[in-house]
Amino acid sequence: MPKINLRGVEKNYGANAANAVANLDLEIGDGEFMCLLGPSGCGKTTTLRMIAGLEHLTDGEIQVGSRVVDSVTAGVFVPPEKREMGLVFQSYALWPHLTIERNTDFGLRLRNLPKAEREERVGKVMKTLGIEEYRHRYPSQLSGGQQQRVALARMLAVNPEVLLLDEPLSNLDAALRLEMRAELKRLHREFKTTIVFVTHDQWEAMTLATTIAVMSAGMLQQVGTPNDIYDRPANRFVAQFVGNPPINILELAAGSPADLVVRARSYFQQRYAQIEDIGSVGIRPEAIRIVGPKTPVPEDAFAGSAEVSGILPTGGSWIIELSTAGEKLFLTTHQAPEIEVGAMVEFFVKPKTLHVFDGAGRRSKTADRLLNPAVLHS
Amino acid sequence: MSGQLAANSSGSSSAACPPQLVEGGRQDAADRAPASAAQRFRYKLRIALREPTTAIGILTAALFAYLIVVPIISMLSDAGRVQLGDERRIRMEVGDFTWYYIERVFTSRVASSLFWEPLLNTLSVAFGAIIAAVVIGGLLAWLLARTDMFGRRWFATALIVPYMLPAWTFALAWTTLFKNRTVGGQEGWLEALGLTPPDWLAYGRLPVTIILALHYSPFIILLFGNALRRFDSQLEDSARILGAGRLTVTRKIILPLMLPSLLSAIVLIFAKCLGEFGVPYVLGLPVKFDVLATSLYRSISSRQTGVAAVLAGSIMLIGVMTIMIDAKLIKEARRFVTVGSKGAMDRLNPLNNLRIPATVFAALIFVFSVAVPLSVLFLSTVMKIPARFDADNFTLDYWIGTDLNTVALQTGILLSPDLWNAAWNSLRIVGVASIVSGLLGLLVGYVVARTPVQPLATFLRQVTFLPYLVPGIAFATAYLSLFAVPRGPVPALYGTTLILMLALIADQMPYASRAGIAAMMQLGKEPEEAAQIAGAGWSRRMISIIIPIQKGSLVTGILLPFISGIKGLSLFVVLAVPSTDVLTTFSLRLVDYHYTQAANAVVLIIAAIAYLGTLLGQKLTRTNLAQGLGN
């Protein structure tokens, strides 16, 4: 049974405004670590706040466990304080006038727990997060990373069944972020809580989540495991949003006379004439191989030649920029390139790594079946 | 309907792809009908009524409608209706509609002395004061913000002092020096030395202009200086690198970018001059120099309610126009983002040879705007005969003496029960009003920041801002109009302390609510939401989170209105009666009766309270005065 169920959820901030969230259907399973991923302004934080009850719906219904907590049609609204969830804010929102201990203790006091039990639970959660030595300090006396831990501790102390996290790592520096990511993953295992995590950082989503929901302009684009999202993006938006450097897109429908486009068009016409309505083709940078003496072009691959117009070392790997008559392709490689800027090179791409999108930008099912017959397609 | 909306938005958004069915999503979305309008309304209503925020909002909105909107409407309607006592002159029944008062003020034979001359005087005094304040204040602002003048830190505080003191402190100092034989009572120092100052120097336009200029140049120093200080020096550096000289940079880059903030300060000064009562009252009366505020006061004291309503309405109208211009200027100013995060100005222009003359100039301004007036006032309270500096001429009798040979006030001012009575009244009236308006301000801030009913938030924001458009003396007239007679269950409040408190609360609301809204907005929703998530209901959140966090801003929200209330005059002068005398009206009464020493002593007491209160406020909030401007 799913832990959280959103049905037809819609949020509109004003009569003339575009929907912040439009017709959203999403199931979040019990014990899942779900990441809401998308660019800023895509409605992911709004969605999270609606789950928490801090934002009201314009339409739709939200169910948590067996309880409908929000429904416009039924006129149900369970206020946030009765939803028994935890929420960690991006700004942490620690109460500046209370000590760390009192901040952590706040929720337990409200639940009228006996003092001994409160002390035990506060002590335990502070120990888990390594903040016990600061218990008598005030939030302003702590560093960002420590505040972040307090914000987590405050919510974990009441042991919520659902923990919502709103970009909690975005204010931390890189090293601390890595550490907190590992910590979150450990906490997820330890507390077995259902976690909904909002982020615009694909790395964070990829490394943390068991399931990722990609959103854009208020609409859900794809739900799937991190590998699903990367390997089988459901549409062009997801393909372009996830991946760094971003996926190369060849616009086939636009009728561009560019060499690569013409080449790709004839490649598909000759080999995969069954695929109708090809709008564009996406090629991940790491899927492009440069032809060399040890790497000949496979028979069925999409191939071409281009000029090397730039080589950018990124430490351990390289980004190579290829240009052919106005088109640019980026490829990444982990082997030191033995070519110079200005050289002409041959390259190829294996068919199973091509992503074919139709005229409306949707992933083509036919193409998946034809290009990669080894995988079972649902 | 929602399906259509979704389709539309997908068509218009460039980044998104069409809402295709996604893996893991649910299939039955299309089956469910969207909520009807009635269902949506019920859902919204349930949310709006769930918490007391909206109920509190409606109650405060009703309260402010009664305390702010109704008096103004009542006053404006007085302008068009026959007032009690005028029925025979106008030959109409009381309450009938009439153009009489409007004609009387604008077109009759007395119109020029009632309105047009005071209007011209107001304008000339205001513009004179503005020009002088811009020249003096602008120069000082530049010296303080951007040069290596000596003692900048000290001057930065010292030159603001005139603004902390009531403007008519300086008017009293001026009469103490320049009063001539035109008026009875104790003569001025110059007269006592045998130099009779001419009327144009002693009273009327010139001294009023000079005093207002000195009083309001801190405005320019604060607002303009702040803008100069925050000016992004990278803008300037870019021009310099491109080869522009220092003068060109000033002329082509700095001044145009500073213009909006300068204009805004000018408009604020104008609005303040418009309502200024004390200075023209003290200095204008002997030569019948009337400005709008004193003309209005004269109409009120001679019980010409209708005429007073027309005059107050006109002052209000000019005030509204001024503020609208200001709003437009501020909007204009937003077009320029001149405040850099990085390049804030801390580089200074070297003055070289001019360093000492510049310091002398600042010192002179300090001497003339602070040192001389305050010492003259103080000396006048310890000297029996003006301007005679013999040892036996000095006395503390006017402060603590007994059995003085005077008609009334036979003891030193500190021993007079009238002073303590007035002080107690001031403290009580202003204190209660400040506490109430501070609390109401925070409440308004809370409702505005939190209520899901947007129109309510907008109404509260606007209605509490309304008194800002109405100069104090016009607002007092409005109160007089509504509360002078019993209306329904409300008895006549004129002559009670309650009317003073209510008027003061309403008059302070623009500042109190602005402070409250700012505090709540700055706090943001999140600390409260975090408590909500943790399981705290509304009252628990108020007691454990909101009020403790906002303690500091509540103290400021009470202290700032208190200071401005203590030194305020124009509200009280209309609404107070002898039994509800406060310090300001008490000292004005002493002026009227020519008890110069006693009047000056009371004014010094007020000035000391205002000054110390402001310092305390700055200490408590660690802010500078620029943020409390306008109070």
# chains A, B, ... in the order shown; residues from 1 in each chain; ligands from 1

$ interface_residues --of "chain A" --to "chain B" --cutoff "7 Å" --atoms "only C-alpha atoms" --output "count of residues only"
33

$ select_by_dssp --residues "stretch 142-346 of chain A" --states "strand (DSSP E)" --output "ChimeraX atom specification"
/A:162-166,194-199,211-216,219-224,248-251,278-283,288-290,302-313,318-324,327-333,344-346

$ write_last_selection --atoms "C-alpha atoms" --output "compact mmCIF listing (two decimals), in the first residue's frame"
# COMPACT_ATOMS: atom_id res chain seq x y z
CA VAL A 162 6.96 10.59 6.72
CA LEU A 163 9.95 12.88 6.54
CA LEU A 164 9.89 15.72 4.03
CA LEU A 165 13.11 17.45 3.06
CA ASP A 166 13.13 20.68 1.09
CA THR A 194 9.35 7.27 4.12
CA ILE A 195 11.36 10.22 2.81
CA VAL A 196 10.32 12.76 0.21
CA PHE A 197 13.24 14.89 -0.83
CA VAL A 198 13.10 17.98 -3.04
CA THR A 199 16.16 18.98 -5.02
CA THR A 211 12.75 6.61 -6.90
CA ILE A 212 12.98 9.91 -8.74
CA ALA A 213 10.03 11.98 -9.91
CA VAL A 214 11.11 14.57 -12.48
CA MET A 215 8.93 17.67 -12.70
CA SER A 216 8.84 20.61 -15.04
CA MET A 219 3.87 18.76 -14.49
CA LEU A 220 5.24 15.36 -13.70
CA GLN A 221 7.54 14.22 -16.48
CA GLN A 222 8.71 10.81 -15.35
CA VAL A 223 8.80 8.61 -12.30
CA GLY A 224 11.39 5.88 -12.05
CA ASN A 248 23.42 16.11 -27.44
CA ILE A 249 20.18 16.65 -29.33
CA LEU A 250 19.89 16.45 -33.11
CA GLU A 251 16.77 18.15 -34.40
CA ILE A 278 11.14 11.21 -35.44
CA GLY A 279 11.39 14.67 -33.93
CA SER A 280 14.83 14.53 -32.45
CA VAL A 281 17.58 12.16 -31.43
CA GLY A 282 19.52 12.37 -28.21
CA ILE A 283 23.05 11.09 -27.76
CA ILE A 288 30.08 8.80 -28.62
CA ARG A 289 33.28 6.92 -29.49
CA ILE A 290 36.14 8.17 -31.59
CA PHE A 302 25.54 5.74 -36.56
CA ALA A 303 28.82 7.27 -37.71
CA GLY A 304 30.23 10.52 -39.01
CA SER A 305 33.26 12.72 -39.11
CA ALA A 306 33.91 16.05 -37.45
CA GLU A 307 36.57 18.52 -36.48
CA VAL A 308 37.85 18.60 -32.91
CA SER A 309 37.14 22.18 -31.86
CA GLY A 310 37.97 21.96 -28.18
CA ILE A 311 39.41 19.69 -25.51
CA LEU A 312 38.47 20.43 -21.90
CA PRO A 313 40.16 18.36 -19.21
CA TRP A 318 37.86 14.92 -20.74
CA ILE A 319 35.11 16.75 -22.56
CA ILE A 320 35.75 16.93 -26.29
CA GLU A 321 33.89 19.34 -28.48
CA LEU A 322 33.30 18.21 -32.07
CA SER A 323 32.01 20.55 -34.80
CA THR A 324 30.62 19.83 -38.20
CA GLU A 327 26.50 21.52 -35.36
CA LYS A 328 28.28 20.79 -32.14
CA LEU A 329 28.63 17.51 -30.29
CA PHE A 330 30.06 17.02 -26.86
CA LEU A 331 31.58 13.75 -25.85
CA THR A 332 33.22 12.60 -22.65
CA THR A 333 35.97 10.08 -22.30
CA MET A 344 39.43 15.66 -38.23
CA VAL A 345 38.13 12.54 -36.52
CA GLU A 346 35.65 9.78 -37.28

$ closest_residue --among "B:Ser295, B:Thr157, B:Ser264, B:Asn425" --to "B:Val110" --atoms "only C-alpha atoms"
B:Ser295

$ decode --residues "stretch 217-261 of chain A" --atoms "C-alpha atoms" --output "mmCIF file, in the first residue's frame"
data_model
loop_
_atom_site.group_PDB
_atom_site.id
_atom_site.type_symbol
_atom_site.label_atom_id
_atom_site.label_comp_id
_atom_site.auth_asym_id
_atom_site.auth_seq_id
_atom_site.Cartn_x
_atom_site.Cartn_y
_atom_site.Cartn_z
ATOM 1 C CA ALA A 217 6.501 23.603 -15.249
ATOM 2 C CA GLY A 218 4.154 22.076 -12.709
ATOM 3 C CA MET A 219 3.865 18.757 -14.489
ATOM 4 C CA LEU A 220 5.237 15.355 -13.697
ATOM 5 C CA GLN A 221 7.544 14.220 -16.477
ATOM 6 C CA GLN A 222 8.708 10.815 -15.349
ATOM 7 C CA VAL A 223 8.804 8.606 -12.302
ATOM 8 C CA GLY A 224 11.391 5.879 -12.054
ATOM 9 C CA THR A 225 14.586 4.576 -10.516
ATOM 10 C CA PRO A 226 17.694 6.715 -10.974
ATOM 11 C CA ASN A 227 18.922 4.366 -13.703
ATOM 12 C CA ASP A 228 15.564 4.493 -15.499
ATOM 13 C CA ILE A 229 15.651 8.227 -15.533
ATOM 14 C CA TYR A 230 19.147 8.373 -16.953
ATOM 15 C CA ASP A 231 19.042 5.455 -19.353
ATOM 16 C CA ARG A 232 15.467 5.702 -20.555
ATOM 17 C CA PRO A 233 14.369 9.333 -20.214
ATOM 18 C CA ALA A 234 10.647 9.501 -20.965
ATOM 19 C CA ASN A 235 10.913 12.669 -22.956
ATOM 20 C CA ARG A 236 13.304 15.291 -24.180
ATOM 21 C CA PHE A 237 12.964 17.435 -21.087
ATOM 22 C CA VAL A 238 14.079 14.635 -18.775
ATOM 23 C CA ALA A 239 16.883 13.671 -21.159
ATOM 24 C CA GLN A 240 18.175 17.215 -21.258
ATOM 25 C CA PHE A 241 17.710 17.943 -17.575
ATOM 26 C CA VAL A 242 19.562 14.899 -16.307
ATOM 27 C CA GLY A 243 23.179 14.388 -17.314
ATOM 28 C CA ASN A 244 26.257 16.572 -17.263
ATOM 29 C CA PRO A 245 27.498 17.604 -19.760
ATOM 30 C CA PRO A 246 23.983 17.594 -21.154
ATOM 31 C CA ILE A 247 22.787 15.177 -23.780
ATOM 32 C CA ASN A 248 23.424 16.107 -27.440
ATOM 33 C CA ILE A 249 20.182 16.654 -29.329
ATOM 34 C CA LEU A 250 19.895 16.446 -33.106
ATOM 35 C CA GLU A 251 16.767 18.155 -34.402
ATOM 36 C CA LEU A 252 15.603 15.945 -37.225
ATOM 37 C CA ALA A 253 12.166 17.411 -37.731
ATOM 38 C CA ALA A 254 13.340 20.975 -38.235
ATOM 39 C CA GLY A 255 14.586 20.202 -41.778
ATOM 40 C CA SER A 256 17.993 21.541 -40.927
ATOM 41 C CA PRO A 257 20.545 21.194 -43.716
ATOM 42 C CA ALA A 258 23.347 20.588 -41.222
ATOM 43 C CA ASP A 259 25.573 17.701 -42.120
ATOM 44 C CA LEU A 260 24.982 15.685 -38.946
ATOM 45 C CA VAL A 261 21.229 16.041 -39.168
#
